[in-house]
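The structure under discussion appears below in the form of structure tokens.
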Amino acid sequence: MSLILILEQVLNGLQFGVMLFLMAAGLTLVFGVMGLINLAHGALYMVGAFAAAAVAGWTGSFVLALMASLAAAAAAGALVEVTVIRRLYDRDHLDQVLATFALILIFSEGTRWLFGSFPLFLDVPSYLSGPVMLPGGIQYPLYRLAMIAIGLVVGAGLFWLIARTRIGVQIRAGEADREMIAALGVDISKLYTLVFALGAALAGLAGALVGAIQSVQVGMGEPVLILAFVVIVIGGIGSIKGALVGALLVGLTDTLGGVFLPRLFALMMEPENAASLGASLASMLIYILMAAVLLVRPSGLFGGSA
Amino acid sequence: MGRERIFNAGILLALLLVPLIAWKMDEPFLITLATKVTILALAGVGLNIALGLGGLVSLGHAAFFGIGGYAMGILASHAQNYEPLFSWPFLFEGSNQMPLIWLVAVVASAAAALVIGALSLRTSGVYFIMITLAFGQMLYYFTISWSAYGGEDGLSIWVRNEMPGVNTLDPIQFFAVTFVILCLTLWSAARVAQSAFGLALSAARQSEERVETVGLAPFKLRLMAFVISGAITGLAGALFADLNRFVSPTMLSWHTSGEIMIFVILGGVGRLYGPVVGAAVYILLEHFLGGISEYWQIFLGLLLLGMVLFARGGLIGALLGREVAHD
Amino acid sequence: MKILKSLAMATAVSTLALAAQADTKIGMITTLSGGGAGLGVDVRDGFMMAIEAAGRDDVEVVIEDDQRKPESAVQIADRMIQSEKVDIMTGIIWSNLAMAVVPAATAQDVFYLSPNAGPSVLAGKRCHKNYFNVAWQNDNLHEAAGAYANDAALKNSFILAPNYPAGKDALTGYKRMYSGELAGEIYTKLGQTDYAAEIAQIRASGADSVYFFLPGGMGISFLKQYADSGVDLPVVGPAFSFDQGILQAVGAAALGIKNTSQWNKDIDNAANAAFVADFQAKYGRLPSLYASQGFDTANLILSALDKADVKDQDAFRAALKAAEFDSVRGDFKFGDNHHPVQNIYVREVIQEGDVFTNKIIATGLADHADAYASECNM
């Protein structure tokens, strides 16, 4: 296997990791600030993708589609927070799991009712389509490079927001001590709605970005949701830095495992069996990684106490 | 306490009478439906020991449910095809005898629960929810690619397994078998809850220090509870596979974990009969809403949401007030 | 006691339904909710269009959603057979659901006609006199693709499919007919949506063509990413990834790709022309492969009902086997294992106005029967 192929696979893993980070950031923020475990985060990813596909089909503009995905997911997030999620903050995790599980059912079937049972079309804009030649002779799709860039920019913005702005101070204070910031006169319910909508918008953006190279369909959020959970658990729940590290770890492990495990097995057995066995093990690999991390550090790489 | 006991007896009586009436009226499907409720309730009773008694929110119980199912599928498929399962240390050709299948299902799922529990219980809170989910997914993907036993297609067993003295092909007799198992399990679960072990476990849920000061290790108590819980859910899995004469990776998907958890919460966490009520109501909803609209899951979602928001303590809690049943 | 009451009500309702029983009762179990619902909706719509056109008031169809869960399908089948006493069953889309339902249904003396899934076991060792497959055996379209690869002088294919039984059958089917070399063989994760890693391997492999079987959303993702990757090797696939339902979601990325199918809307016969026009008029969209299979299944049943009473099982079975109906595929007949012996065509994806669709460019395999027929002792 050539070095170029390995580098290209590393880029793929990186790109996957960056998208996972957009998903995981919202999830971990919501947990860190409000103590809420939100299974319906994947539904917001789906909302973003559907909104983008609808707007792209309508206007033909990819930029407008991305903005629509942000707006629609943030609006859906805010709506859900005000009507449902708000009542769950002082409940135990069990109630939160059940209520957000119910939200998944409502969002999925509601979307199917609105948009029908067939997948929607959303494509890469022409100015981002096709491959570019990178130094070293790697041919790589421009759109995937753009995804890495957008993800990193958004990630940097998020770090800045939390480290440098007033809202960031309130969020950090909320993570440290919830009663305290209420006592400081911060409108806590407004802050919570804002944080939830922000997390939702990030998920919606990820959905739209990924939707352009995948299939925009009902249920698309669920596999990503589980991966995002794996990410935040590895990184330490509540930690944005942990989410970033966890996302890159999971992205690289999943991509490289899928490529190299079958080849590794091929050294020992028939190619057909190796392909199948390697693929089986690769699909379990990130869960093995997660279990291993938790065994060494029961509250994740960057987690405080759960 | 008294009211809840009468209510519980009423629930069991209803669960027994419905199939009997259906049998008289020659409506075998209603018997099948009642059998399904009974088996899923059993799975819920298993989860409830970890969840209600031990405070362990496991989102990976589908793994044990599926292991029980596959225990049945593997044993029965070998018996059906006359291919030995193993030939050392003795020749074993699988089995289509329910008692042996149950034993294997219980042992296998208890062993899995021991391993998963020993690893997962090092964490707590949300981490515990997520790591149990991860182990569930691990086994789910494993069964999908496990081509020796059908992979995603699953395994079909053409006839239901046998049990001495019972014609299991007759719906009402198979129902009776599952009903007896459910009753025995409920009785044992009540005994466990009131035993020294159960009381210590409950105490550990409320305050870890309290238990440690009297010299008990909360980790061991919880692991024990997790193993018992997994074993019961595994037994339910074997029965469920026999009800359908079929087992597939769907039994291990995280939706299954979610559904078992819904049975428990719907009825009322920590209530002995909570899962029975929860499973019955869920199956009825699924059955009747499914007939009303293609988009019935929207209504199911709304109902569940309403439950969580406005009927804390589950259905039994809403009907009988918030006293907790057995601790 | 509420539960008891509603159960008693349910009993009353179903008894009422029994009183109004038609002469022939058909139970359809198909996927109408969740991610794979598009296929079930098409089978149902095609099937019901034929039933309604026949205008017979002695045929009743009961339709239920299986949510793509094998356990639900089994329980619905139990109910249809035990409580509703259906004579004929049909509708299942997925092989794993068919494997769970069909053996039990046929063992209880119910006819089962498959409008989509065709697992190899049911064509071979576990074939049954009451089981008819009106679509194809699972391997068929892949075999035709292998044959086409030979005709097109492709010598070094890279093949990939998801790591589950139907995926393995697909690659086996392709390799059965294909006589060139393999540049690579990959099993992907079921439900995988990102194929960057696989496409990089294809690029590095030195292959001259790609064959893939990735049904549903997986295929959409693969095709979009492949088109964007700059790899321009010819791609061949089975019809499932190029069907009317999903082509619009793939868009221009699919243009020009060759795929194999036993049906297309341009097959030249009167039945097909009428089917395509009526379907478009009734539902406002072009019919898909699945709709055509549902339509054929219903017409096969109707043709057999014209000749025999369904209660006279031997006569009815013989009438089904004769398959004397106007198939939208043109010639249609059953082999000894009750699976189709039919032409499988090679299609190319084209654009008509702003709609993406297919046209037939060649015949991949003529009068093709499946590879498992010899294992069937019926």
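Ligands are numbered from 1 in the order shown, residues from 1 within each chain, and chains are lettered A, B, ... in the order they appear in the structure tokens.
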Check every residue of chain A for an atom within 7 Å of chain C, counting only C-alpha atoms, and provide those that qualify as a list in words.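 Per the criterion, chain A yields Leu5, Gln9, Asn12, Ser117, Phe118, Pro119, Leu120, Phe121, Ser129, Gly130, Pro131, Tyr140, Pro141, Ile213, Gln214, Ser215, Val218, Gly219, Thr255, Val259, Ala275, Ser276, Ala279 and Ser283 of chain A.
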Please give the complete set of residues from range 30-123 of chain B that DSSP, run on the backbone, assigns to alpha helix (DSSP H), formatted as an MDAnalysis selection string. chainID B and resid 30:48 62:81 98:120
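The coordinates place CA of Val230 in chain A at 23.1 Å from CA of Arg91 in chain A.
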Select residues of chain B: the criterion is any atom within 6 Å of an atom of chain C, counting only C-alpha atoms; output as a ChimeraX atom specification. /B:27,29,145,151-153,156
List as a compact mmCIF listing (two decimals) with C-alpha atoms, in the first residue's frame the protein and nucleic acid residues near range 273-277 of chain C, meaning an atom at most 8 Å away when only C-alpha atoms are counted, but skip any in the same chain fewer than 6 places from it.
# COMPACT_ATOMS: atom_id res chain seq x y z
CA LYS C 265 -40.75 1.43 -18.63
CA ASP C 266 -39.70 1.21 -22.30
CA LEU C 286 -43.26 7.32 -12.87
CA PRO C 287 -43.63 3.68 -11.78
CA VAL C 328 -45.46 -5.88 -18.11
6 Å contacts from chain A to chain B using only C-alpha atoms, as a VMD selection string: chain A and resid 99 102 105 to 106 109 280 284 287 298
Asp326 in chain C surroundings by only C-alpha atoms, 12 Å radius, close-in-sequence under 3 positions cut, as a list in words: Ala50, Asn269, Ala270, Ala271, Asn272, Ala273, Ala274, Phe275, Phe295, Asp296, Thr297, Ala298, Asn299, Leu300, Ile301, Leu302, Ser303, Ala323, Arg329, Gly330, Asp331, Phe332 and Lys333 of chain C
As a PyMOL selection string, please: every residue in range 93-228 of chain A that DSSP puts in strand (DSSP E). chain A and resi 131-134+138-141
Hey, what's within 10 Å of Thr256 in chain B if we count only C-alpha atoms and toss same-chain stuff fewer than 6 positions away? As a PyMOL selection string, please? chain B and resi 59-63+65-66+250+262
Between CA of Gln293 in chain C and CA of Gly124 in chain C, measure the distance and give it in Å to one decimal.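 Going from CA of Gln293 in chain C over to CA of Gly124 in chain C covers 21.5 Å.
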Nearest to Tyr192 in chain A by atom-to-atom distance, counting only C-alpha atoms, from A:Ala53, A:Met46, A:Ile171, A:Ile286: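 Nearest to Tyr192 in chain A: A:Ile171.
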Please compute the CA of Val264 in chain B-CA of Ala176 in chain B distance, one decimal, in Å. 22.8 Å
Using only C-alpha atoms, find the one residue out of A:Glu270, A:Leu289, A:Ile240, A:Ala182 that sits nearest to Trp160 in chain A. A:Ile240
Could you list, as a count of residues only, every residue within 12 Å of Leu198 in chain A, counting only C-alpha atoms and ignoring same-chain residues fewer than 3 positions away? 35
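Residues in contact range of Phe265 in chain A, defined as at most 9 Å between only C-alpha atoms, with sequence neighbours fewer than 3 positions away removed, read Phe260, Leu261, Pro262, Met268, Met269, Glu270, Pro271, Asn273, Ala274, Ala275, Leu277 and Gly278 of chain A.
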Store the residues picked out above in a file with N, CA and C atoms, as a compact mmCIF listing (two decimals), in the first residue's frame.
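The file below, out_22.txt, is the result:
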# COMPACT_ATOMS: atom_id res chain seq x y z
N PHE A 260 -7.54 -0.97 6.90
CA PHE A 260 -6.37 -1.80 7.17
C PHE A 260 -6.69 -3.17 7.76
N LEU A 261 -7.76 -3.30 8.54
CA LEU A 261 -8.04 -4.60 9.14
C LEU A 261 -8.19 -5.71 8.11
N PRO A 262 -9.01 -5.49 7.03
CA PRO A 262 -9.12 -6.57 6.04
C PRO A 262 -7.76 -6.93 5.44
N MET A 268 -3.24 -13.54 6.64
CA MET A 268 -3.36 -14.80 7.37
C MET A 268 -4.36 -15.78 6.75
N MET A 269 -5.25 -15.29 5.87
CA MET A 269 -6.31 -16.19 5.39
C MET A 269 -6.75 -15.84 3.98
N GLU A 270 -7.72 -16.59 3.48
CA GLU A 270 -8.29 -16.37 2.15
C GLU A 270 -8.80 -14.93 2.02
N PRO A 271 -8.60 -14.30 0.84
CA PRO A 271 -9.01 -12.90 0.70
C PRO A 271 -10.49 -12.68 0.99
N ASN A 273 -12.63 -14.38 2.96
CA ASN A 273 -12.89 -14.44 4.39
C ASN A 273 -12.28 -13.25 5.10
N ALA A 274 -11.09 -12.85 4.67
CA ALA A 274 -10.42 -11.73 5.30
C ALA A 274 -11.25 -10.47 5.14
N ALA A 275 -11.79 -10.26 3.93
CA ALA A 275 -12.59 -9.07 3.67
C ALA A 275 -13.79 -9.04 4.61
N LEU A 277 -14.34 -10.87 7.51
CA LEU A 277 -14.00 -10.84 8.94
C LEU A 277 -13.44 -9.47 9.32
N GLY A 278 -12.57 -8.94 8.46
CA GLY A 278 -12.00 -7.62 8.72
C GLY A 278 -13.08 -6.57 8.81
